[in-house]
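> Data file start.pdb (PDB, C-alpha atoms and all ligand atoms) is appended below.
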ATOM      1  CA  MET A   1     112.828  88.429  99.943
ATOM      2  CA  THR A   2     109.140  87.576  99.655
ATOM      3  CA  GLN A   3     107.985  87.195  96.075
ATOM      4  CA  TRP A   4     105.154  89.235  94.669
ATOM      5  CA  PRO A   5     102.088  87.333  93.452
ATOM      6  CA  MET A   6     102.377  86.412  89.760
ATOM      7  CA  ARG A   7      98.943  87.799  88.931
ATOM      8  CA  LEU A   8      96.979  90.405  90.826
ATOM      9  CA  ILE A   9      93.638  91.975  89.893
ATOM     10  CA  LEU A  10      92.555  95.190  91.612
ATOM     11  CA  VAL A  11      88.821  95.886  91.484
ATOM     12  CA  GLY A  12      88.183  99.593  92.112
ATOM     13  CA  ALA A  13      91.005 102.100  91.624
ATOM     14  CA  GLY A  14      89.571 105.083  93.491
ATOM     15  CA  LYS A  15      91.379 106.926  96.276
ATOM     16  CA  MET A  16      92.507 103.891  98.235
ATOM     17  CA  GLY A  17      92.833 101.318  95.438
ATOM     18  CA  GLY A  18      94.648 103.818  93.192
ATOM     19  CA  ALA A  19      97.079 104.748  95.979
ATOM     20  CA  MET A  20      97.852 101.106  96.686
ATOM     21  CA  ALA A  21      98.392 100.302  92.999
ATOM     22  CA  LEU A  22     100.861 103.161  92.745
ATOM     23  CA  GLY A  23     102.673 101.888  95.853
ATOM     24  CA  TRP A  24     102.881  98.344  94.455
ATOM     25  CA  LEU A  25     104.363  99.528  91.157
ATOM     26  CA  GLU A  26     106.861 101.746  92.958
ATOM     27  CA  GLY A  27     107.598  98.899  95.374
ATOM     28  CA  GLY A  28     108.532  96.506  92.559
ATOM     29  CA  LEU A  29     105.382  94.684  91.402
ATOM     30  CA  ALA A  30     105.908  93.856  87.723
ATOM     31  CA  PRO A  31     103.356  95.815  85.643
ATOM     32  CA  SER A  32     102.679  92.633  83.666
ATOM     33  CA  SER A  33     101.402  91.065  86.918
ATOM     34  CA  LEU A  34      98.792  93.773  87.473
ATOM     35  CA  THR A  35      95.293  94.171  86.063
ATOM     36  CA  ILE A  36      92.987  96.991  87.148
ATOM     37  CA  LEU A  37      89.214  96.854  86.719
ATOM     38  CA  GLU A  38      87.726 100.304  87.166
ATOM     39  CA  PRO A  39      84.736 101.690  85.218
ATOM     40  CA  ASN A  40      85.821 105.355  85.613
ATOM     41  CA  PRO A  41      89.610 105.365  85.859
ATOM     42  CA  SER A  42      91.246 108.661  86.840
ATOM     43  CA  ASN A  43      93.549 110.370  84.334
ATOM     44  CA  GLU A  44      96.469 109.294  86.518
ATOM     45  CA  ILE A  45      95.495 105.598  86.292
ATOM     46  CA  VAL A  46      94.931 105.835  82.522
ATOM     47  CA  SER A  47      98.323 107.431  81.900
ATOM     48  CA  LEU A  48     100.023 105.069  84.330
ATOM     49  CA  ALA A  49      98.529 102.083  82.475
ATOM     50  CA  ALA A  50      99.892 103.512  79.207
ATOM     51  CA  SER A  51     103.359 104.326  80.564
ATOM     52  CA  ARG A  52     103.900 101.246  82.754
ATOM     53  CA  GLY A  53     101.989  98.764  80.640
ATOM     54  CA  PHE A  54      99.609  97.082  83.076
ATOM     55  CA  ALA A  55      96.176  95.921  81.883
ATOM     56  CA  LEU A  56      93.278  98.305  82.449
ATOM     57  CA  ASN A  57      89.750  96.929  81.982
ATOM     58  CA  PRO A  58      90.587  93.951  79.738
ATOM     59  CA  ARG A  59      87.508  92.203  78.343
ATOM     60  CA  LYS A  60      88.180  88.899  80.117
ATOM     61  CA  SER A  61      90.318  87.864  83.077
ATOM     62  CA  ALA A  62      90.950  84.478  84.638
ATOM     63  CA  PRO A  63      91.072  84.163  88.449
ATOM     64  CA  PRO A  64      94.425  85.610  89.636
ATOM     65  CA  ASP A  65      96.643  84.684  92.618
ATOM     66  CA  VAL A  66      95.334  87.759  94.455
ATOM     67  CA  LEU A  67      92.051  89.598  93.931
ATOM     68  CA  VAL A  68      92.047  92.943  95.762
ATOM     69  CA  LEU A  69      88.607  94.436  96.379
ATOM     70  CA  ALA A  70      88.652  98.231  96.785
ATOM     71  CA  VAL A  71      85.194  99.350  95.669
ATOM     72  CA  LYS A  72      82.908 101.237  98.064
ATOM     73  CA  PRO A  73      81.114  98.804 100.382
ATOM     74  CA  GLN A  74      77.783  99.857  98.877
ATOM     75  CA  SER A  75      79.068  98.915  95.378
ATOM     76  CA  LEU A  76      79.846  95.336  96.405
ATOM     77  CA  ASP A  77      76.450  93.959  95.437
ATOM     78  CA  SER A  78      76.467  95.526  91.972
ATOM     79  CA  ALA A  79      80.069  94.364  91.420
ATOM     80  CA  ALA A  80      79.444  90.888  92.845
ATOM     81  CA  SER A  81      78.419  89.068  89.658
ATOM     82  CA  LYS A  82      81.545  90.326  87.873
ATOM     83  CA  ILE A  83      83.975  89.574  90.691
ATOM     84  CA  ALA A  84      82.473  86.185  91.600
ATOM     85  CA  THR A  85      84.032  84.666  88.469
ATOM     86  CA  LEU A  86      87.426  86.160  89.399
ATOM     87  CA  ALA A  87      87.885  84.191  92.609
ATOM     88  CA  ASP A  88      88.432  80.454  92.537
ATOM     89  CA  LYS A  89      89.596  78.232  95.361
ATOM     90  CA  ARG A  90      93.288  79.110  94.788
ATOM     91  CA  THR A  91      92.706  82.886  94.788
ATOM     92  CA  LEU A  92      93.534  85.017  97.799
ATOM     93  CA  VAL A  93      90.734  87.584  98.124
ATOM     94  CA  LEU A  94      92.016  90.679  99.863
ATOM     95  CA  SER A  95      89.247  93.072 100.828
ATOM     96  CA  ILE A  96      89.557  96.593 102.220
ATOM     97  CA  LEU A  97      85.788  97.178 102.238
ATOM     98  CA  ALA A  98      84.760  98.763 105.534
ATOM     99  CA  GLY A  99      82.115  96.749 107.335
ATOM    100  CA  LYS A 100      82.094  93.745 104.975
ATOM    101  CA  THR A 101      82.790  90.616 106.998
ATOM    102  CA  ILE A 102      84.396  87.429 105.749
ATOM    103  CA  VAL A 103      80.950  85.796 105.908
ATOM    104  CA  ASN A 104      79.509  88.667 103.769
ATOM    105  CA  LEU A 105      82.329  88.243 101.239
ATOM    106  CA  LYS A 106      82.048  84.441 101.047
ATOM    107  CA  ALA A 107      78.319  84.791 100.381
ATOM    108  CA  ARG A 108      79.137  86.840  97.250
ATOM    109  CA  LEU A 109      82.171  84.843  96.145
ATOM    110  CA  PRO A 110      81.030  81.220  96.307
ATOM    111  CA  GLU A 111      84.307  79.748  94.993
ATOM    112  CA  ALA A 112      86.590  81.785  97.256
ATOM    113  CA  ARG A 113      88.295  80.098 100.194
ATOM    114  CA  ALA A 114      91.190  82.288 101.389
ATOM    115  CA  ILE A 115      90.081  85.773 102.416
ATOM    116  CA  VAL A 116      92.029  88.570 104.111
ATOM    117  CA  ARG A 117      89.966  91.424 105.484
ATOM    118  CA  ALA A 118      92.067  94.541 105.940
ATOM    119  CA  MET A 119      91.601  98.097 107.148
ATOM    120  CA  PRO A 120      94.132 100.558 105.697
ATOM    121  CA  ASN A 121      94.038 104.349 106.076
ATOM    122  CA  THR A 122      94.479 107.274 103.687
ATOM    123  CA  PRO A 123      98.168 108.101 104.425
ATOM    124  CA  ALA A 124      98.769 104.921 102.378
ATOM    125  CA  ALA A 125      98.613 107.370  99.452
ATOM    126  CA  ILE A 126     102.051 108.670 100.511
ATOM    127  CA  GLY A 127     103.437 105.326 101.675
ATOM    128  CA  ARG A 128     102.721 106.166 105.328
ATOM    129  CA  GLY A 129      99.536 104.215 105.952
ATOM    130  CA  VAL A 130      98.767 101.870 108.811
ATOM    131  CA  THR A 131      96.917  98.645 107.978
ATOM    132  CA  ALA A 132      95.644  95.875 110.241
ATOM    133  CA  ALA A 133      94.176  92.683 108.805
ATOM    134  CA  PHE A 134      92.536  89.409 109.715
ATOM    135  CA  ALA A 135      93.064  86.231 107.682
ATOM    136  CA  SER A 136      90.475  83.456 107.313
ATOM    137  CA  PRO A 137      91.841  80.018 108.334
ATOM    138  CA  GLU A 138      92.259  78.982 104.676
ATOM    139  CA  VAL A 139      94.902  81.660 104.015
ATOM    140  CA  THR A 140      98.270  79.947 103.415
ATOM    141  CA  ALA A 141     101.672  81.087 104.668
ATOM    142  CA  GLU A 142     102.577  82.293 101.154
ATOM    143  CA  GLN A 143      99.315  84.246 100.898
ATOM    144  CA  ARG A 144     100.070  85.835 104.268
ATOM    145  CA  ARG A 145     103.461  86.930 102.946
ATOM    146  CA  TRP A 146     101.825  88.424  99.836
ATOM    147  CA  SER A 147      99.429  90.372 102.066
ATOM    148  CA  GLU A 148     102.330  91.646 104.203
ATOM    149  CA  ARG A 149     104.122  92.754 101.069
ATOM    150  CA  LEU A 150     101.129  94.425  99.408
ATOM    151  CA  PHE A 151     100.323  96.480 102.502
ATOM    152  CA  GLY A 152     103.942  96.814 103.665
ATOM    153  CA  VAL A 153     104.858  98.912 100.615
ATOM    154  CA  VAL A 154     102.223 101.503 101.550
ATOM    155  CA  GLY A 155     103.025 101.704 105.274
ATOM    156  CA  ALA A 156     103.027  99.693 108.501
ATOM    157  CA  PHE A 157     101.157  96.396 108.725
ATOM    158  CA  HIS A 158      99.737  94.327 111.607
ATOM    159  CA  TRP A 159      97.911  90.978 111.732
ATOM    160  CA  LEU A 160      94.846  90.608 113.969
ATOM    161  CA  ASP A 161      93.900  87.331 115.703
ATOM    162  CA  ASP A 162      90.235  88.190 115.841
ATOM    163  CA  GLU A 163      88.069  89.521 113.008
ATOM    164  CA  GLY A 164      85.977  91.547 115.493
ATOM    165  CA  ALA A 165      89.049  93.687 116.259
ATOM    166  CA  ILE A 166      88.701  95.208 112.760
ATOM    167  CA  ASP A 167      85.881  97.399 114.072
ATOM    168  CA  ALA A 168      88.197  98.824 116.757
ATOM    169  CA  VAL A 169      90.944  99.314 114.149
ATOM    170  CA  THR A 170      88.440 101.184 111.969
ATOM    171  CA  ALA A 171      87.668 103.458 114.937
ATOM    172  CA  ILE A 172      91.355 104.203 115.594
ATOM    173  CA  SER A 173      93.546 104.145 112.503
ATOM    174  CA  GLY A 174      90.927 103.812 109.714
ATOM    175  CA  SER A 175      89.017 106.925 110.781
ATOM    176  CA  GLY A 176      91.943 108.398 112.756
ATOM    177  CA  PRO A 177      93.326 110.672 110.021
ATOM    178  CA  ALA A 178      90.000 112.559 110.165
ATOM    179  CA  TYR A 179      90.485 113.115 113.903
ATOM    180  CA  VAL A 180      93.926 114.589 113.298
ATOM    181  CA  PHE A 181      92.567 116.890 110.578
ATOM    182  CA  ALA A 182      89.710 117.903 112.900
ATOM    183  CA  LEU A 183      92.301 118.696 115.605
ATOM    184  CA  THR A 184      94.117 120.904 113.087
ATOM    185  CA  GLU A 185      90.890 122.729 112.265
ATOM    186  CA  ALA A 186      90.104 123.181 115.989
ATOM    187  CA  LEU A 187      93.610 124.529 116.657
ATOM    188  CA  ALA A 188      93.227 127.041 113.809
ATOM    189  CA  ALA A 189      89.779 128.093 115.067
ATOM    190  CA  ALA A 190      91.207 128.605 118.583
ATOM    191  CA  ALA A 191      94.018 130.711 117.109
ATOM    192  CA  GLU A 192      91.425 132.957 115.434
ATOM    193  CA  LYS A 193      89.533 133.266 118.726
ATOM    194  CA  LEU A 194      92.798 134.514 120.247
ATOM    195  CA  GLY A 195      92.849 137.251 117.608
ATOM    196  CA  LEU A 196      95.243 135.866 114.993
ATOM    197  CA  PRO A 197      94.365 136.402 111.302
ATOM    198  CA  ALA A 198      92.778 133.357 109.600
ATOM    199  CA  GLU A 199      95.660 132.640 107.227
ATOM    200  CA  LEU A 200      98.280 132.760 109.954
ATOM    201  CA  ALA A 201      96.027 130.712 112.258
ATOM    202  CA  MET A 202      95.769 127.868 109.736
ATOM    203  CA  SER A 203      99.451 128.023 108.883
ATOM    204  CA  LEU A 204     100.417 127.745 112.571
ATOM    205  CA  ALA A 205      97.967 124.880 113.133
ATOM    206  CA  ARG A 206      99.048 122.898 110.045
ATOM    207  CA  GLY A 207     102.733 123.433 110.697
ATOM    208  CA  THR A 208     102.351 122.334 114.312
ATOM    209  CA  VAL A 209     100.511 119.111 113.471
ATOM    210  CA  GLU A 210     102.841 118.285 110.550
ATOM    211  CA  GLY A 211     106.010 119.017 112.519
ATOM    212  CA  SER A 212     104.861 117.175 115.635
ATOM    213  CA  GLY A 213     103.942 114.090 113.584
ATOM    214  CA  GLU A 214     107.336 114.139 111.889
ATOM    215  CA  LEU A 215     109.126 114.635 115.229
ATOM    216  CA  MET A 216     107.256 111.659 116.691
ATOM    217  CA  ARG A 217     108.267 109.570 113.655
ATOM    218  CA  ARG A 218     111.932 110.505 113.860
ATOM    219  CA  GLU A 219     112.055 110.045 117.636
ATOM    220  CA  SER A 220     110.334 106.679 117.537
ATOM    221  CA  ALA A 221     112.236 105.463 120.609
ATOM    222  CA  THR A 222     110.750 108.309 122.674
ATOM    223  CA  SER A 223     107.172 107.876 123.902
ATOM    224  CA  PRO A 224     104.528 110.479 123.003
ATOM    225  CA  ALA A 225     104.206 111.132 126.759
ATOM    226  CA  THR A 226     107.902 112.073 126.971
ATOM    227  CA  LEU A 227     107.649 114.226 123.839
ATOM    228  CA  ARG A 228     104.695 115.987 125.485
ATOM    229  CA  GLN A 229     106.608 116.463 128.731
ATOM    230  CA  ASN A 230     109.539 117.896 126.748
ATOM    231  CA  VAL A 231     107.308 120.837 125.712
ATOM    232  CA  THR A 232     105.767 121.292 129.159
ATOM    233  CA  SER A 233     107.651 123.309 131.783
ATOM    234  CA  PRO A 234     106.071 123.086 135.217
ATOM    235  CA  GLY A 235     103.753 126.018 135.805
ATOM    236  CA  GLY A 236     104.165 127.281 132.230
ATOM    237  CA  ALA A 237     101.789 128.059 129.374
ATOM    238  CA  THR A 238     101.678 124.492 127.977
ATOM    239  CA  ALA A 239     100.934 123.126 131.450
ATOM    240  CA  ALA A 240      98.012 125.561 131.726
ATOM    241  CA  ALA A 241      96.573 124.277 128.425
ATOM    242  CA  LEU A 242      97.116 120.617 129.327
ATOM    243  CA  ALA A 243      95.321 121.120 132.642
ATOM    244  CA  VAL A 244      92.261 121.930 130.526
ATOM    245  CA  LEU A 245      92.855 119.294 127.823
ATOM    246  CA  GLN A 246      93.554 116.489 130.263
ATOM    247  CA  GLY A 247      91.109 117.552 132.948
ATOM    248  CA  GLU A 248      87.651 116.185 133.719
ATOM    249  CA  GLY A 249      85.739 115.488 130.463
ATOM    250  CA  GLY A 250      88.865 116.430 128.491
ATOM    251  CA  LEU A 251      90.678 114.854 125.585
ATOM    252  CA  ASP A 252      90.966 111.314 127.015
ATOM    253  CA  SER A 253      87.271 110.892 127.670
ATOM    254  CA  LEU A 254      86.357 112.744 124.474
ATOM    255  CA  MET A 255      88.589 110.455 122.403
ATOM    256  CA  GLU A 256      87.231 107.398 124.190
ATOM    257  CA  ARG A 257      83.663 108.468 123.359
ATOM    258  CA  ALA A 258      84.552 109.329 119.759
ATOM    259  CA  ALA A 259      86.273 105.967 119.184
ATOM    260  CA  ALA A 260      83.407 104.080 120.837
ATOM    261  CA  ALA A 261      80.936 105.865 118.532
ATOM    262  CA  ALA A 262      83.037 104.989 115.474
ATOM    263  CA  ARG A 263      83.297 101.349 116.524
ATOM    264  CA  ALA A 264      79.562 101.116 117.225
ATOM    265  CA  ARG A 265      78.829 102.497 113.749
ATOM    266  CA  ALA A 266      81.313 100.093 112.129
ATOM    267  CA  VAL A 267      79.614  97.153 113.900
ATOM    268  CA  GLU A 268      76.203  98.433 112.800
ATOM    269  CA  MET A 269      77.347  98.737 109.155
ATOM    270  CA  ALA A 270      78.642  95.158 109.212
ATOM    271  CA  GLY A 271      75.047  94.148 110.003
TER     272      GLY A 271
HETATM  273  N1  LIG A 301      89.199 106.183 102.152
HETATM  274  C1  LIG A 301      89.488 105.667 103.345
HETATM  275  O1  LIG A 301      89.887 106.322 104.305
HETATM  276  C2  LIG A 301      89.380 104.188 103.548
HETATM  277  C3  LIG A 301      90.032 103.600 104.645
HETATM  278  C4  LIG A 301      89.936 102.216 104.796
HETATM  279  C5  LIG A 301      89.198 101.467 103.915
HETATM  280  N2  LIG A 301      88.563 102.082 102.878
HETATM  281  C6  LIG A 301      87.764 101.260 101.976
HETATM  282  O2  LIG A 301      88.304 101.375 100.702
HETATM  283  C7  LIG A 301      87.263 101.159  99.760
HETATM  284  C8  LIG A 301      87.408 102.192  98.660
HETATM  285  O3  LIG A 301      87.285 103.498  99.230
HETATM  286  P1  LIG A 301      87.736 104.787  98.419
HETATM  287  O4  LIG A 301      87.716 105.916  99.383
HETATM  288  O5  LIG A 301      88.965 104.469  97.638
HETATM  289  O6  LIG A 301      86.473 104.898  97.421
HETATM  290  P2  LIG A 301      86.421 105.476  95.956
HETATM  291  O7  LIG A 301      87.431 106.561  95.778
HETATM  292  O8  LIG A 301      84.981 105.760  95.659
HETATM  293  O9  LIG A 301      86.905 104.228  95.072
HETATM  294  C9  LIG A 301      86.095 103.152  94.702
HETATM  295  C10 LIG A 301      86.266 102.952  93.209
HETATM  296  O10 LIG A 301      85.659 101.710  92.812
HETATM  297  C11 LIG A 301      85.007 101.946  91.582
HETATM  298  N3  LIG A 301      83.971 100.941  91.308
HETATM  299  C12 LIG A 301      82.647 100.978  91.595
HETATM  300  N4  LIG A 301      82.046  99.856  91.138
HETATM  301  C13 LIG A 301      82.990  99.108  90.544
HETATM  302  C14 LIG A 301      82.976  97.844  89.887
HETATM  303  N5  LIG A 301      81.861  97.132  89.731
HETATM  304  N6  LIG A 301      84.141  97.361  89.399
HETATM  305  C15 LIG A 301      85.279  98.068  89.538
HETATM  306  N7  LIG A 301      85.352  99.273  90.159
HETATM  307  C16 LIG A 301      84.216  99.786  90.651
HETATM  308  C17 LIG A 301      84.436 103.315  91.765
HETATM  309  O11 LIG A 301      84.026 103.865  90.530
HETATM  310  P3  LIG A 301      82.791 104.934  90.531
HETATM  311  O12 LIG A 301      83.352 106.168  91.156
HETATM  312  O13 LIG A 301      82.433 105.063  89.117
HETATM  313  O14 LIG A 301      81.691 104.315  91.375
HETATM  314  C18 LIG A 301      85.595 104.053  92.388
HETATM  315  O15 LIG A 301      86.512 104.540  91.452
HETATM  316  C19 LIG A 301      85.950 101.265 100.519
HETATM  317  O16 LIG A 301      85.337  99.991 100.585
HETATM  318  C20 LIG A 301      86.325 101.746 101.882
HETATM  319  O17 LIG A 301      85.526 101.135 102.882
HETATM  320  C21 LIG A 301      88.665 103.415 102.652
END
Please rewrite the model in this file as structure tokens.
Ligand SMILES: NC(=O)c1ccc[n+]([C@@H]2O[C@H](COP(=O)([O-])OP(=O)(O)OC[C@H]3O[C@@H](n4cnc5c(N)ncnc54)[C@H](OP(=O)(O)O)[C@@H]3O)[C@@H](O)[C@H]2O)c1

Amino acid sequence: MTQWPMRLILVGAGKMGGAMALGWLEGGLAPSSLTILEPNPSNEIVSLAASRGFALNPRKSAPPDVLVLAVKPQSLDSAASKIATLADKRTLVLSILAGKTIVNLKARLPEARAIVRAMPNTPAAIGRGVTAAFASPEVTAEQRRWSERLFGVVGAFHWLDDEGAIDAVTAISGSGPAYVFALTEALAAAAEKLGLPAELAMSLARGTVEGSGELMRRESATSPATLRQNVTSPGGATAAALAVLQGEGGLDSLMERAAAAARARAVEMAG
């Protein structure tokens, strides 16, 4: 079993950082190994620090084995002077900052050598995230295993061979939960247009998306195409809807355009 890093500092315990910290503690990271630096910790983080006994905002910290950066990308510059002293040449810097390249990070962390740039997504908060990551050439085999462990406890994990692929990952799984929620909203709006009351419309839409996601998870050996066909009798109501959804200018081309727009914006933000 891969060991956890002996010392880990998390900088930024907001939505994503906080969710990961919770996952690490539940997954077996010793509280004594964890330090969190967060100027405005949530009540949950404060009470977790008290009950589990990890360090929250200590006055001084030496460079750890792993420094996880989870501040907003726009906060990186203001945080840089503080975090620069936390990364030496032995530290693995693990960044989840959207749009911040390894070159950007090295410019702010002059001592850092090994950097992993990762893109998780919000279902990590319930241990069901998907993360893909790229490692700089200096990342050692042990540091790779730490990364796999730290993201593995909050969901599925994939390595990328090319840093540029992060922008495509951002467009698919990073932003993807928003697409699924937008689909739920659209389904509820369509239900209202068909005359159903608002509350029932939303309940049907939510239940359908939740149940279909769970079915797809449990039937992981069955492709989504087969699961779709299983609901679609020839000439029936579902087939009539799919003729619209999968017709000219339908879901496939819409999704392709949406993902291309997300990737273009991610590239633009990386500068
Ligand atoms: N949410 C997503 O879907 C998602 C997906 C993939 C990647 N990410 C990446 O995850 C990162 C965090 O996103 P988030 O949604 O978790 O944001 P968030 O909830 O705003 O969390 C960021 C946290 O960092 C804190 N912070 C700011 N400056 C700091 C400093 N100098 N030292 C320590 N902590 C500091 C913030 O405190 P204040 O509130 O006081 O500023 C905040 O609590 C972003 O870089 C984003 O690109 C997010």
> Can you measure CA of Trp146 (chain A) to CA of Ala118 (chain A) for me? One decimal in Å is fine.
13.0 Å
> My list of candidates is A:Ala21, A:Val139, A:Ala165, A:Val116. Which is closest to Val267 (chain A) when distances are computed with all atoms listed in the file?
A:Ala165
> Name each residue within 10 Å of ligand LIG 301 (chain A), counting only C-alpha atoms and all ligand atoms, as a count of residues only.
59
> Mind giving me the straight-line distance from CA of Arg7 (chain A) to CA of Pro64 (chain A) in Å, one decimal?
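Taking CA of Arg7 (chain A) as the start and CA of Pro64 (chain A) as the end point, the length is 5.1 Å.
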> If I take CA of Glu138 (chain A) and CA of Asp167 (chain A), how far is one from the other in Å, to one decimal?
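The value is 21.6 Å.
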> Translate the PyMOL selection byres (((chain A and resi 205) around 6) and not hetatm), as applied to the file shown, into an explicit residue set as a PDB file with C-alpha atoms, in the frame of the given file.

ATOM      1  CA  THR A 184      94.117 120.904 113.087  1.00  0.00           C
ATOM      2  CA  LEU A 187      93.610 124.529 116.657  1.00  0.00           C
ATOM      3  CA  ALA A 188      93.227 127.041 113.809  1.00  0.00           C
ATOM      4  CA  MET A 202      95.769 127.868 109.736  1.00  0.00           C
ATOM      5  CA  SER A 203      99.451 128.023 108.883  1.00  0.00           C
ATOM      6  CA  LEU A 204     100.417 127.745 112.571  1.00  0.00           C
ATOM      7  CA  ARG A 206      99.048 122.898 110.045  1.00  0.00           C
ATOM      8  CA  GLY A 207     102.733 123.433 110.697  1.00  0.00           C
ATOM      9  CA  THR A 208     102.351 122.334 114.312  1.00  0.00           C
TER      10      THR A 208
END
> Would you mind telling me which residue in A:Leu194, A:Ala171, A:Val231, A:Ile102 lies nearest to Ala258 (chain A) when using only C-alpha atoms?
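Distance minimum relative to Ala258 (chain A) lands on A:Ala171.
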> With distances taken over only C-alpha atoms, which residue among A:Ser47, A:Ser220, A:Thr232, A:Gln143 lies nearest Gln3 (chain A)?
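Smallest distance to Gln3 (chain A) is found for A:Gln143.
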> Counting all atoms listed in the file, which residue out of A:Gly152, A:Ala132, A:Ala182, A:Ile172 sits closest to Arg257 (chain A)?
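Looking only at the distances to Arg257 (chain A), the closest residue turns out to be A:Ile172.
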> Determine the residue membership of the PyMOL selection byres (((chain A and resi 55) around 7) and not hetatm) for the file above and supply it as a VMD selection string.
chain A and resid 34 to 36 49 53 to 54 56 to 58
> Write out as a list in words the residues lying within 9 Å of Arg113 (chain A), counting all atoms listed in the file and excluding same-chain residues fewer than 4 positions away.
Ala87, Asp88, Lys89, Arg90, Thr91, Leu92, Val93, Lys106, Leu109, Ser136, Pro137, Glu138 and Val139 of chain A
> Could you tell me which of A:Leu215, A:Tyr179, A:Ala239, A:Val103 comes closest to Leu254 (chain A) if we count all atoms listed in the file?
A:Tyr179
> Using only C-alpha atoms, which protein or nucleic acid residues come within 12 Å of Leu242 (chain A)? Drop anything in the same chain fewer than 2 positions from it, and give the result as a ChimeraX atom specification.
/A:228-229,231-240,244-248,250-252
> Please determine an axis-aligned box that encloses all atoms of region 187-194 of chain A listed in the file, with 4 Å added on each side, and express its centre and edge lengths in Å to one decimal as JSON.

{"center_x": 91.8, "center_y": 129.5, "center_z": 117.0, "size_x": 12.5, "size_y": 18.0, "size_z": 14.4}
> Run the PyMOL selection byres (((chain A and resi 61) around 9) and not hetatm) on the file and write out the hits as an mmCIF file with C-alpha atoms, in the coordinates of the input.

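result_39.cif was written with the following content:
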data_model
loop_
_atom_site.group_PDB
_atom_site.id
_atom_site.type_symbol
_atom_site.label_atom_id
_atom_site.label_comp_id
_atom_site.auth_asym_id
_atom_site.auth_seq_id
_atom_site.Cartn_x
_atom_site.Cartn_y
_atom_site.Cartn_z
ATOM 1 C CA ILE A 9 93.638 91.975 89.893
ATOM 2 C CA THR A 35 95.293 94.171 86.063
ATOM 3 C CA PRO A 58 90.587 93.951 79.738
ATOM 4 C CA ARG A 59 87.508 92.203 78.343
ATOM 5 C CA LYS A 60 88.180 88.899 80.117
ATOM 6 C CA ALA A 62 90.950 84.478 84.638
ATOM 7 C CA PRO A 63 91.072 84.163 88.449
ATOM 8 C CA PRO A 64 94.425 85.610 89.636
ATOM 9 C CA THR A 85 84.032 84.666 88.469
ATOM 10 C CA LEU A 86 87.426 86.160 89.399
#
> Give me, as a PDB file with C-alpha atoms, in the frame of the given file, all polymer residues having an atom no more than 9 Å from Glu148 (chain A), counting only C-alpha atoms and skipping those fewer than 6 positions away in the same chain.

ATOM      1  CA  PHE A 157     101.157  96.396 108.725  1.00  0.00           C
ATOM      2  CA  HIS A 158      99.737  94.327 111.607  1.00  0.00           C
ATOM      3  CA  TRP A 159      97.911  90.978 111.732  1.00  0.00           C
TER       4      TRP A 159
END
> So, counting all atoms listed in the file, which residue among A:Gly211, A:Val66, A:Arg128, A:Ser51 is closest to Gly155 (chain A)?
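Under the stated criterion, the closest residue is A:Arg128.
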